[in-house]
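*Asks:* There's a structure below that I have some questions on.
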Amino acid sequence: MLLNKRISIVNFIKTIKFDIVFIVSYAVAVGILDQYGFLSKISIPIGVTAVFGTAVALLLGFRTNQAYERWWEARIIWGAIVNDSRTLVRQCVSFFKRSNGQYDILVNEMTNRQIIWCYALGESLRKLPFSPKVKEYQKSYKLESFNIPNTLLSEHSETLLKAKENGMVNDFQQVQIDSTIARLCDSMGKCERIKNTVFPKAHSLLIHLIIYVFATMLPFGLSDQYLAVEISLTIGIPIIFVAIEKTSILMQDPFENRPMDTPVTDLATTIEINLKQMIGDEDIPIKEKASEYYIL
Amino acid sequence: MLLNKRISIVNFIKTIKFDIVFIVSYAVAVGILDQYGFLSKISIPIGVTAVFGTAVALLLGFRTNQAYERWWEARIIWGAIVNDSRTLVRQCVSFFKRSNGQYDILVNEMTNRQIIWCYALGESLRKLPFSPKVKEYQKSYKLESFNIPNTLLSEHSETLLKAKENGMVNDFQQVQIDSTIARLCDSMGKCERIKNTVFPKAHSLLIHLIIYVFATMLPFGLSDQYLAVEISLTIGIPIIFVAIEKTSILMQDPFENRPMDTPVTDLATTIEINLKQMIGDEDIPIKEKASEYYIL
Amino acid sequence: MLLNKRISIVNFIKTIKFDIVFIVSYAVAVGILDQYGFLSKISIPIGVTAVFGTAVALLLGFRTNQAYERWWEARIIWGAIVNDSRTLVRQCVSFFKRSNGQYDILVNEMTNRQIIWCYALGESLRKLPFSPKVKEYQKSYKLESFNIPNTLLSEHSETLLKAKENGMVNDFQQVQIDSTIARLCDSMGKCERIKNTVFPKAHSLLIHLIIYVFATMLPFGLSDQYLAVEISLTIGIPIIFVAIEKTSILMQDPFENRPMDTPVTDLATTIEINLKQMIGDEDIPIKEKASEYYIL
Amino acid sequence: MLLNKRISIVNFIKTIKFDIVFIVSYAVAVGILDQYGFLSKISIPIGVTAVFGTAVALLLGFRTNQAYERWWEARIIWGAIVNDSRTLVRQCVSFFKRSNGQYDILVNEMTNRQIIWCYALGESLRKLPFSPKVKEYQKSYKLESFNIPNTLLSEHSETLLKAKENGMVNDFQQVQIDSTIARLCDSMGKCERIKNTVFPKAHSLLIHLIIYVFATMLPFGLSDQYLAVEISLTIGIPIIFVAIEKTSILMQDPFENRPMDTPVTDLATTIEINLKQMIGDEDIPIKEKASEYYIL
Amino acid sequence: MLLNKRISIVNFIKTIKFDIVFIVSYAVAVGILDQYGFLSKISIPIGVTAVFGTAVALLLGFRTNQAYERWWEARIIWGAIVNDSRTLVRQCVSFFKRSNGQYDILVNEMTNRQIIWCYALGESLRKLPFSPKVKEYQKSYKLESFNIPNTLLSEHSETLLKAKENGMVNDFQQVQIDSTIARLCDSMGKCERIKNTVFPKAHSLLIHLIIYVFATMLPFGLSDQYLAVEISLTIGIPIIFVAIEKTSILMQDPFENRPMDTPVTDLATTIEINLKQMIGDEDIPIKEKASEYYIL
């Protein structure tokens with residue numbers, strides 16, 4: 001997630017550098033040819049360019065909107081993960097029978113697993129190797145699976161079953177905690193859906209195409225009196241459109257380990273702090289101040 | 001679902017080949033007639049064409065948006081099917097009484113049926129004959145019905161009832177698992193709704209009509225100096241509009257066994273892998289690398 | 001619901017015949033007066049007409065969108081009715097105690113009443129007299145009420161109560177089935193909401209008004225050289241706008257016994273087939289092939 | 001709610017009479033000054049007016065949409081109140097133990113209170129004094145509170161508690177009915193939210209401002225040949241924009257005792273009829289035919 | 001929240017004073033240079049400016065819409081907090097066993113803590129120091145935590161557990177009240193999500209940039225005859241666009257202790273009044289009349 005105060009324009013420009021090079025070259029080439037009279041016969045009425053520009057603007061609006069929706073949905077899902085993690089631990093703390101000798105063991109087990117689950121989910125969404133924390137957990141519990149987060153949820157159910165068999169929770173409470181686990185399972189699946197569903201390729205390509213068609217048409221709709229103005233416009237307007245398009249492309253895939261990602265590691269740390277405090281664990285991680293213009 | 005890396009423009013162009021032929025013929029014909037002065041008296045002010053073009057762009061925006069919504073809803077529903085399949089098996093594994101001799105049998109029964117259900121649902125949505133896997137299941141259980149997936153859900157309830165009668169689940173657990181089955185039933189019905197509801201025919205036709213009216217008006221709004229430019233524009237702009245329209249038409253029906261479909265077979269395989277791993281089944285299918293530019 | 005293959009343009013044109021007559025008369029009158037120089041002094045800059053046309057297009061977009069939303073919501077509600085009907089019967093079949101002598105009677109009672117409820121709801125939404133099937137049921141059970149579907153849901157609860165008193169369902173199961181009935185009650189109320197809420201009259205009128213104001217302005221923005229072109233445009237563009245508006249008007253009220261309705265009768269038949277198959281009833285209706293360009 | 005058949009344009013025009021007077025005066029003044037050459041040097045290119053007009057149209061579209069959403073949400077909430085009222089009474093009728101002597105008393109108590117709640121909620125949303133029906137109830141039960149509807153829901157819980165203590169409902173049933181009351185509490189709070197949240201003032205003012213800026217610019221973009229046309233346009237277009245804006249303003253606050261309100265009194269009467277019929281009460285109110293062009 | 005009757009334009013203008021100064025300076029500078037012929041050779045066809053202006057208007061529309069959605073979502077969440085607070089207290093009042101000696105103590109404990117929770121949540125969202133009310137509570141209960149509202153919800157569960165152990169609530173009722181606490185936990189997390197998620201920085205900057213690019217282009221598209229008109233337009237239109245943008249910026253962050261905030265303190269007071277009345281507490285705070293043009 002980009003932070004509010006700082007910003008890195010340089011990094012953003014790097015992401016569209018090929019487009020910039022191409023558009024600048026084209027604009028300069030057409031401008032110069034025009035100056036020497038090679039293209040002076042070609043002229044496109046500005047009205048046609050305007051209609052086409054309106055279509056570009058509308059489709060960019062559609063694109064921006066859908067990308068924003070995906071990005072915001074990803075954030076909503078991780079918000080739900082924060083809430084359900086807290087609810088899960090609150091339920092364990094207050095439902096499990098305290099007089100039972102295993103109370104502390106089982107509550108800690110659930111809490112730690114939930115923390116690991118958050119980190120593991122974030123890392124597997126980003127296709128990163130697991131962090132040491134998760135690896136250590138995985139090793140000590142001998143977890144082998146294609147889908148570690150899903151296995152951890154199954155382990156939650158196992159612990160719950162143990163609590164049930166020890167008489168630490170009653171039937172209702174088991175079912176109520178199971179509902180919380182089911183919601184976590186839903187959130188996990190929703191993240192996977194966003195990660196694995198490619199934004200409709202055909203739309204992406206068509207929008208990219210029409211921006212370039214528009215850029216191609218633009219110089220022929222401008223008067224040729226003043227070269228610098230013509231070139232500025234044929235460079236500036238398409239680059240702004242490309243920048244808007246690129247922003248959408250970066251936002252629509254929020255689990256790619258990039259600055260505009262949903263900050264899943266940061267959220268997992270928040271969850272760790274909250275959950276540990278809820279069970280009175282003293283070993284609370286300290287959130288470092290963001291040293292970059294974004295948090296991950 | 002189209003994949004991100006590869007793409008087949010040729011295939012897409014094939015889907016709009018009649019439109020392309022028609023538009024090109026018209027543009028060339030008008031261009032030539034114009035050149036010889038037959039149509040030079042007809043001229044439509046570019047402002048009128050612009051208004052009309054804006055209306056076309058707006059309605060295409062509406063169309064694109066609705067098609068995207070349907071496509072995305074279909075993906076959300078199948079995401080929910082993934083989640084609820086995992087939840088169903090997790091609940092069976094942890095709720096059914098393990099000491100009971102039938103534990104393994106019933107858990108396997110539920111898991112396998114759920115896997116078959118996913119394949120059967122995807123295949124019946126696509127109006128395909130059932131795959132060997134499903135046929136074999138259907139044969140060995142003697143299922144005869146107009147709606148196999150619905151029958152499978154009834155069978156789930158039967159197994160659950162058996163578990164209840166054997167004392168393997170208590171009242172709450174039966175009701176909780178029943179809720180999961182009810183959600184699967186919802187998802188199934190939602191898929192059928194998308195499959196069976198034709199996108200409003202009148203809208204489709206009107207949008208197609210106005211693109212062609214726009215294409216007809218376009219050459220009379222252009223100046224006649226430079227034939228190649230006029231023809232390029234009268235070909236290019238309408239084809240881009242038709243391409244956007246076609247993309248929407250392909251997206252709005254996501255269960256048609258076409259490249260832009262919701263990848264129901266791929267998702268069913270994912271579910272099979274996940275579920276089998278949850279019950280410790282070793283016979284896990286291997287996902288082949290997509291050999292095409294899409295997965296189904 | 002209009003079907004995909006067939007279409008009746010004639011029927012659609014009939015619905016806007018008065019608009020067509022009016023617009024054609026106006027366009028021809030202005031065109032002729034113009035030709036004889038009576039109106040030649042009046043001219044409206046095409047830019048003003050364009051702004052106004054853009055406003056018309058935007059408001060038509062809004063209108064189209066809202067109408068589509070209502071139509072799609074109605075379909076979603078009936079989709080939920082399909083799902084909950086199946087869930088209700090599945091629950092009765094698997095929850096009711098089979099050893100009890102009344103099992104078959106009560107399950108049949110619930111299933112048949114649910115089928116009748118679907119037909120009765122569809123017919124009362126369309127303000128049609130009840131079909132023979134419903135009338136017969138109503139007569140044999142002596143139902144008298146302003147709101148038959150609501151009474152049928154109360155009867156569901158009565159049957160459920162009987163089952164409870166016979167010891168055929170336990171407390172949880174009663175509550176779980178009651179939740180399904182509550183969802184059916186919700187769907188019924190949502191249909192009534194769409195049926196009884198008039199689309200904001202003031203918006204409808206304003207949009208109709210501005211289309212006509214636009215039609216009035218249009219000829220004065222066109223050059224007067226070529227009468228046929230001028231008349232074609234002053235007829236064609238407003239009629240397309242009126243057609244889009246009319247399509248929205250037809251879609252926004254989906255329970256009016258018209259071709260663009262939500263196909264409630266067809267859906268009720270689907271439900272009947274599904275439910276009867278679930279209880280092993282052999283008397284399954286056969287869905288006739290649609291003989292028209294639509295199904296109801 | 002405005003009804004479909006009848007309409008009162010006069011009433012609507014009254015609501016924008018100040019805007020009409022102002023716009024007409026301005027248009028006539030500018031028209032006359034222009035005629036005498038005072039303003040002939042001022043001219044704004046029609047393109048600038050067009051851009052600005054497009055911005056006006058877009059923001060009006062946004063405004064219209066948000067207002068429609070608020071109005072439709074209010075209607076959805078009252079639809080949910082209808083559904084949950086029916087569900088509440090259905091649950092009381094079928095859950096309460098009939099053999100108990102207090103059955104009729106408690107069912108009647110719940111039903112009547114629910115009817116009173118609907119009227120009381122509608123009236124307090126509209127800031128009206130309570131109707132005689134509600135006042136009488138309030139008096140006979142000695143209710144004193146800032147928020148009568150909320151108190152009535154608490155009374156529902158009291159009755160439910162009494163039923164529980166008499167052994168008339170079991171634990172599940174109490175919790176299930178409590179969920180229905182919680183949903184009614186939600187609907188009440190949602191209505192209060194819409195009532196108490198002022199539509200963002202800054203947006204309202206900016207939109208009003210830009211309509212007037214547009215109205216001011218408009219005459220300077222028109223040619224000055226033909227006074228009547230210029231004045232018609234400078235009057236007509238802004239008034240249409242103001243009318244659209246006003247419609248939105250009227251719709252966005254749906255509990256103000258105005259013709260475009262959500263018809264809460266009418267819905268409460270519908271609920272009364274339905275609920276009384278469900279408990280076999282004979283004293284059913286008769287819905288009068290609407291004597292106006294709207295129902296409240 | 002801004003109130004309906006009063007308004008402070010001065011305060012709003014202050015928030016965009018730097019933009020105003022900049023735009024006015026630029027417009028005057030260009031106007032004067034133009035007058036003396038320095039820039040007369042530069043002219044941008046108005047059509048290009050128009051396309052660009054349409055893109056600006058569309059992106060502003062997108063921005064306005066997203067900001068409105070965030071603001072409205074924040075209000076919906078606080079509406080849910082009002083509803084769930086009432087439901088929580090209603091459930092405690094009617095579920096807790098009255099014959100138990102601790103009834104009054106526990107009900108008061110829950111009610112007061114819920115009131116404190118509302119104030120504490122609002123204040124921590126606004127990053128304000130806690131108010132005396134909350135501080136006193138915090139002190140008397142020795143609460144130390146990074147996240148006081150979350151700790152208070154844990155305390156709710158503790159009280160509920162105590163009630164359970166005293167035999168004051170049964171299993172169902174505990175689970176039902178726990179669901180209400182889980183919903184409050186959800187609402188809390190949703191507020192934190194809105195507070196902590198920066199609106200996509202890249203979008204904000206691009207929109208700001210294109211408004212300024214548009215402002216830069218504008219004077220070169222206007223005719224130079226009449227200085228005052230040119231300067232008015234080059235000042236007026238960009239300032240209106242900046243004002244619309246600023247309104248969105250102010251609305252998108254609704255927990256910043258600013259006039260356009262969600263009125264969390266006011267809502268917490270409403271909740272306090274409602275809850276105290278529900279438990280018969282006489283010490284009801286009096287809502288002061290808003291002395292400003294807004295409430296917080």
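Ligands are numbered from 1 in the order shown, residues from 1 within each chain, and chains are lettered A, B, ... in the order they appear in the structure tokens.
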For chain A versus chain C, which residues have an atom no more than 12 Å away, and what is each residue's nearest atom pair and distance in Å rounded to one decimal, using only C-alpha atoms, chain-then-number order, as JSON lines?
*Replies:*
```
{"residue": "A:Gly47", "atom": "CA", "partner": "C:Gly47", "partner_atom": "CA", "distance": 10.8}
{"residue": "A:Val51", "atom": "CA", "partner": "C:Ala50", "partner_atom": "CA", "distance": 11.3}
{"residue": "A:Thr54", "atom": "CA", "partner": "C:Thr54", "partner_atom": "CA", "distance": 11.0}
{"residue": "A:Leu58", "atom": "CA", "partner": "C:Leu58", "partner_atom": "CA", "distance": 11.7}
{"residue": "A:Phe172", "atom": "CA", "partner": "C:Phe172", "partner_atom": "CA", "distance": 11.2}
```
*Asks:* Could those selected residues go to a file with all heavy atoms, as a PDB file, in the first residue's frame?
*Replies:*
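What landed in result10.pdb:
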```pdb
ATOM      1  N   GLY A  47     -13.366  16.527 -34.585  1.00  0.00           N
ATOM      2  CA  GLY A  47     -14.588  15.923 -34.045  1.00  0.00           C
ATOM      3  C   GLY A  47     -14.467  14.413 -33.953  1.00  0.00           C
ATOM      4  O   GLY A  47     -14.887  13.796 -32.966  1.00  0.00           O
ATOM      5  N   VAL A  51     -14.643  12.153 -30.577  1.00  0.00           N
ATOM      6  CA  VAL A  51     -15.509  10.993 -30.293  1.00  0.00           C
ATOM      7  C   VAL A  51     -14.657   9.840 -29.788  1.00  0.00           C
ATOM      8  O   VAL A  51     -14.969   9.190 -28.788  1.00  0.00           O
ATOM      9  CB  VAL A  51     -16.238  10.485 -31.562  1.00  0.00           C
ATOM     10  CG1 VAL A  51     -16.971   9.188 -31.259  1.00  0.00           C
ATOM     11  CG2 VAL A  51     -17.188  11.520 -32.067  1.00  0.00           C
ATOM     12  N   THR A  54     -13.438  10.349 -26.365  1.00  0.00           N
ATOM     13  CA  THR A  54     -14.478  10.111 -25.368  1.00  0.00           C
ATOM     14  C   THR A  54     -14.615   8.621 -25.100  1.00  0.00           C
ATOM     15  O   THR A  54     -14.748   8.193 -23.943  1.00  0.00           O
ATOM     16  CB  THR A  54     -15.822  10.691 -25.859  1.00  0.00           C
ATOM     17  OG1 THR A  54     -15.618  12.068 -26.150  1.00  0.00           O
ATOM     18  CG2 THR A  54     -16.892  10.543 -24.812  1.00  0.00           C
ATOM     19  N   LEU A  58     -14.102   6.804 -21.572  1.00  0.00           N
ATOM     20  CA  LEU A  58     -15.132   5.966 -20.958  1.00  0.00           C
ATOM     21  C   LEU A  58     -14.593   4.583 -20.617  1.00  0.00           C
ATOM     22  O   LEU A  58     -14.855   4.047 -19.530  1.00  0.00           O
ATOM     23  CB  LEU A  58     -16.318   5.803 -21.900  1.00  0.00           C
ATOM     24  CG  LEU A  58     -17.407   6.851 -21.767  1.00  0.00           C
ATOM     25  CD1 LEU A  58     -18.334   6.776 -22.946  1.00  0.00           C
ATOM     26  CD2 LEU A  58     -18.173   6.623 -20.469  1.00  0.00           C
ATOM     27  N   PHE A 172     -22.748 -26.422  21.231  1.00  0.00           N
ATOM     28  CA  PHE A 172     -22.989 -25.129  20.599  1.00  0.00           C
ATOM     29  C   PHE A 172     -21.716 -24.383  20.313  1.00  0.00           C
ATOM     30  O   PHE A 172     -21.555 -23.744  19.299  1.00  0.00           O
ATOM     31  CB  PHE A 172     -23.771 -24.208  21.520  1.00  0.00           C
ATOM     32  CG  PHE A 172     -25.040 -24.773  21.916  1.00  0.00           C
ATOM     33  CD1 PHE A 172     -25.153 -25.459  23.111  1.00  0.00           C
ATOM     34  CD2 PHE A 172     -26.142 -24.651  21.100  1.00  0.00           C
ATOM     35  CE1 PHE A 172     -26.340 -25.997  23.478  1.00  0.00           C
ATOM     36  CE2 PHE A 172     -27.334 -25.196  21.485  1.00  0.00           C
ATOM     37  CZ  PHE A 172     -27.445 -25.874  22.666  1.00  0.00           C
TER      38      PHE A 172
END
```
*Asks:* Restricting the calculation to only C-alpha atoms, which member of A:Glu192, A:Glu69, A:Glu256, A:Glu245 is positioned closest to Leu128 (chain A)?
*Replies:*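 Residue with the minimum atom-to-atom distance to Leu128 (chain A): A:Glu256.
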*Asks:* Extract, using only C-alpha atoms, all DNA, RNA and protein residues at most 7 Å from Thr64 (chain B), discarding same-chain residues fewer than 4 positions from it, and format them as a PyMOL selection string.
*Replies:* chain B and resi 60+68+248
*Asks:* For the residues in the current selection, export N, CA, C and O atoms as a PDB file, in the first residue's frame.
*Replies:*
```
ATOM      1  N   LEU B  60     -21.999   1.074 -24.983  1.00  0.00           N
ATOM      2  CA  LEU B  60     -20.984   0.014 -24.938  1.00  0.00           C
ATOM      3  C   LEU B  60     -20.419  -0.111 -23.526  1.00  0.00           C
ATOM      4  O   LEU B  60     -20.132  -1.210 -23.061  1.00  0.00           O
ATOM      5  N   TYR B  68     -19.192  -7.894 -17.745  1.00  0.00           N
ATOM      6  CA  TYR B  68     -18.145  -8.131 -16.759  1.00  0.00           C
ATOM      7  C   TYR B  68     -18.753  -8.606 -15.436  1.00  0.00           C
ATOM      8  O   TYR B  68     -18.244  -9.531 -14.803  1.00  0.00           O
ATOM      9  N   SER B 248     -17.736  -8.437 -24.908  1.00  0.00           N
ATOM     10  CA  SER B 248     -18.796  -8.498 -23.906  1.00  0.00           C
ATOM     11  C   SER B 248     -19.700  -9.694 -24.138  1.00  0.00           C
ATOM     12  O   SER B 248     -20.090 -10.386 -23.194  1.00  0.00           O
TER      13      SER B 248
END
```
*Asks:* From the set A:Tyr36, A:Thr111, A:Phe95, A:Leu143, which residue has the shortest atom-to-atom contact distance to Asp171 (chain E), counting only C-alpha atoms?
*Replies:*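 Answer, going by the shortest atom-to-atom distance: A:Phe95.
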*Asks:* Using DSSP secondary structure from the backbone, list all helix (DSSP H, G or I) positions within region 165-243 of chain A, as a ChimeraX atom specification.
*Replies:* /A:165,171-196,201-221,227-243
*Asks:* I'd like the neighbourhood of region 20-32 of chain A as a ChimeraX atom specification, where a residue qualifies if any of its atoms comes within 7 Å (using only C-alpha atoms), though same-chain residues fewer than 6 positions away should be ignored.
*Replies:* /A:227,231,234-235,239
*Asks:* Report the distance between CA of Val229 (chain E) and CA of Ile44 (chain E) in Å, rounded to one decimal place.
*Replies:*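 Pair CA of Val229 (chain E) / CA of Ile44 (chain E) returns 17.6 Å.
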*Asks:* Within 12 Å of Asn112 (chain A), counting only C-alpha atoms, which residues qualify if same-chain residues fewer than 2 places away don't, as a PyMOL selection string?
*Replies:* chain A and resi 85+88-89+104-110+114-119+133-134+137+152+155-156+268+271-276+278-279+281+283
*Asks:* May I have the selected residues written with N, CA, C and O atoms, as a short mmCIF file (atom, residue, chain, number, x, y, z; two decimals), in the first residue's frame?
*Replies:*
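Listed below is the output, out_26.cif:
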```cif
data_model
loop_
_atom_site.label_atom_id
_atom_site.label_comp_id
_atom_site.auth_asym_id
_atom_site.auth_seq_id
_atom_site.Cartn_x
_atom_site.Cartn_y
_atom_site.Cartn_z
N SER A 85 -10.00 -13.29 12.94
CA SER A 85 -8.90 -13.77 13.78
C SER A 85 -9.14 -13.36 15.23
O SER A 85 -9.00 -14.16 16.15
N LEU A 88 -12.06 -15.36 16.60
CA LEU A 88 -11.68 -16.75 16.88
C LEU A 88 -10.99 -16.86 18.24
O LEU A 88 -11.37 -17.70 19.08
N VAL A 89 -10.00 -15.98 18.47
CA VAL A 89 -9.26 -16.06 19.74
C VAL A 89 -10.16 -15.66 20.91
O VAL A 89 -10.14 -16.31 21.97
N ASP A 104 -4.61 -23.50 28.91
CA ASP A 104 -3.57 -22.63 28.35
C ASP A 104 -2.96 -23.21 27.08
O ASP A 104 -2.73 -22.51 26.11
N ILE A 105 -2.71 -24.52 27.12
CA ILE A 105 -2.09 -25.17 25.97
C ILE A 105 -2.94 -24.99 24.71
O ILE A 105 -2.46 -24.55 23.67
N LEU A 106 -4.22 -25.30 24.85
CA LEU A 106 -5.07 -25.25 23.66
C LEU A 106 -5.29 -23.82 23.16
O LEU A 106 -5.27 -23.56 21.95
N VAL A 107 -5.49 -22.88 24.08
CA VAL A 107 -5.69 -21.49 23.65
C VAL A 107 -4.44 -20.99 22.92
O VAL A 107 -4.52 -20.35 21.85
N ASN A 108 -3.25 -21.30 23.50
CA ASN A 108 -2.01 -20.88 22.84
C ASN A 108 -1.87 -21.54 21.47
O ASN A 108 -1.44 -20.89 20.51
N GLU A 109 -2.22 -22.80 21.40
CA GLU A 109 -2.13 -23.53 20.14
C GLU A 109 -2.97 -22.85 19.05
O GLU A 109 -2.49 -22.60 17.95
N MET A 110 -4.22 -22.55 19.40
CA MET A 110 -5.10 -21.90 18.43
C MET A 110 -4.55 -20.53 18.04
O MET A 110 -4.52 -20.18 16.85
N GLN A 114 -3.24 -19.43 14.38
CA GLN A 114 -3.94 -18.39 13.64
C GLN A 114 -2.95 -17.33 13.13
O GLN A 114 -3.06 -16.85 12.00
N ILE A 115 -1.98 -16.98 13.98
CA ILE A 115 -0.96 -16.01 13.56
C ILE A 115 -0.17 -16.56 12.37
O ILE A 115 0.02 -15.87 11.36
N ILE A 116 0.27 -17.81 12.50
CA ILE A 116 1.03 -18.43 11.41
C ILE A 116 0.19 -18.48 10.13
O ILE A 116 0.68 -18.23 9.04
N TRP A 117 -1.10 -18.78 10.30
CA TRP A 117 -2.00 -18.86 9.14
C TRP A 117 -2.00 -17.55 8.36
O TRP A 117 -1.95 -17.54 7.14
N CYS A 118 -2.07 -16.44 9.10
CA CYS A 118 -2.11 -15.12 8.43
C CYS A 118 -0.83 -14.89 7.63
O CYS A 118 -0.89 -14.46 6.47
N TYR A 119 0.33 -15.15 8.25
CA TYR A 119 1.58 -14.98 7.51
C TYR A 119 1.64 -15.93 6.31
O TYR A 119 2.00 -15.55 5.20
N LYS A 133 9.52 -17.76 10.36
CA LYS A 133 8.47 -18.04 11.33
C LYS A 133 7.56 -19.20 10.89
O LYS A 133 7.30 -20.14 11.62
N VAL A 134 7.11 -19.10 9.64
CA VAL A 134 6.19 -20.11 9.12
C VAL A 134 6.92 -21.43 8.90
O VAL A 134 6.41 -22.50 9.23
N TYR A 137 7.39 -23.29 12.07
CA TYR A 137 6.14 -23.91 12.49
C TYR A 137 5.86 -25.16 11.67
O TYR A 137 5.56 -26.24 12.21
N LEU A 152 -3.77 -25.69 7.80
CA LEU A 152 -3.82 -25.09 9.13
C LEU A 152 -5.25 -24.97 9.64
O LEU A 152 -5.52 -25.18 10.83
N GLU A 155 -6.22 -28.18 10.93
CA GLU A 155 -5.62 -28.36 12.26
C GLU A 155 -6.43 -27.64 13.35
O GLU A 155 -6.59 -28.14 14.46
N HIS A 156 -6.93 -26.44 13.00
CA HIS A 156 -7.82 -25.74 13.93
C HIS A 156 -8.97 -26.67 14.35
O HIS A 156 -9.30 -26.77 15.53
N ALA A 268 -0.73 -8.89 8.93
CA ALA A 268 -0.46 -10.08 9.74
C ALA A 268 0.25 -9.68 11.03
O ALA A 268 -0.03 -10.25 12.10
N ILE A 271 -2.31 -8.32 13.35
CA ILE A 271 -3.08 -9.42 13.93
C ILE A 271 -2.25 -10.09 15.03
O ILE A 271 -2.76 -10.37 16.13
N GLU A 272 -0.94 -10.31 14.77
CA GLU A 272 -0.10 -10.95 15.78
C GLU A 272 -0.11 -10.14 17.08
O GLU A 272 -0.29 -10.70 18.16
N ILE A 273 0.06 -8.81 16.94
CA ILE A 273 0.06 -7.95 18.15
C ILE A 273 -1.26 -8.10 18.89
O ILE A 273 -1.29 -8.34 20.10
N ASN A 274 -2.36 -7.96 18.17
CA ASN A 274 -3.69 -8.02 18.80
C ASN A 274 -3.92 -9.35 19.49
O ASN A 274 -4.35 -9.41 20.65
N LEU A 275 -3.64 -10.44 18.79
CA LEU A 275 -3.96 -11.76 19.34
C LEU A 275 -3.09 -12.06 20.56
O LEU A 275 -3.58 -12.58 21.57
N LYS A 276 -1.79 -11.73 20.46
CA LYS A 276 -0.91 -12.01 21.60
C LYS A 276 -1.35 -11.24 22.83
O LYS A 276 -1.32 -11.75 23.95
N MET A 278 -4.37 -10.39 23.48
CA MET A 278 -5.61 -10.97 23.98
C MET A 278 -5.36 -12.17 24.88
O MET A 278 -6.16 -12.46 25.77
N ILE A 279 -4.25 -12.91 24.64
CA ILE A 279 -3.99 -14.07 25.50
C ILE A 279 -2.89 -13.77 26.52
O ILE A 279 -2.42 -14.66 27.22
N ASP A 281 0.15 -12.80 26.03
CA ASP A 281 1.52 -13.15 25.64
C ASP A 281 2.36 -11.88 25.69
O ASP A 281 1.95 -10.83 25.21
N ASP A 283 5.49 -11.57 24.41
CA ASP A 283 6.43 -11.49 23.29
C ASP A 283 5.81 -10.82 22.07
O ASP A 283 5.59 -11.44 21.04
#
```
*Asks:* What is the distance, in Å and to one decimal place, between CA of Phe62 (chain D) and CA of Ala55 (chain A)?
*Replies:*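 Computed distance, CA of Phe62 (chain D) to CA of Ala55 (chain A), equals 18.9 Å.
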*Asks:* Quick one, how far is CA of Arg258 (chain E) from CA of Leu125 (chain E)?
*Replies:* 12.4 Å
*Asks:* Env of Tyr103 (chain C): 12 Å cut, atoms = only C-alpha atoms, seq-sep filter 6 positions within chain, self excluded. Answer as a list in words.
*Replies:*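 Close residues of Tyr103 (chain C): Cys92, Val93, Ser94, Phe95, Phe96, Lys97, Glu109, Met110, Thr159, Leu160, Lys162, Ala163, Lys164, Asn166, Gly167, Met168, Val169 and Ile279 of chain C.
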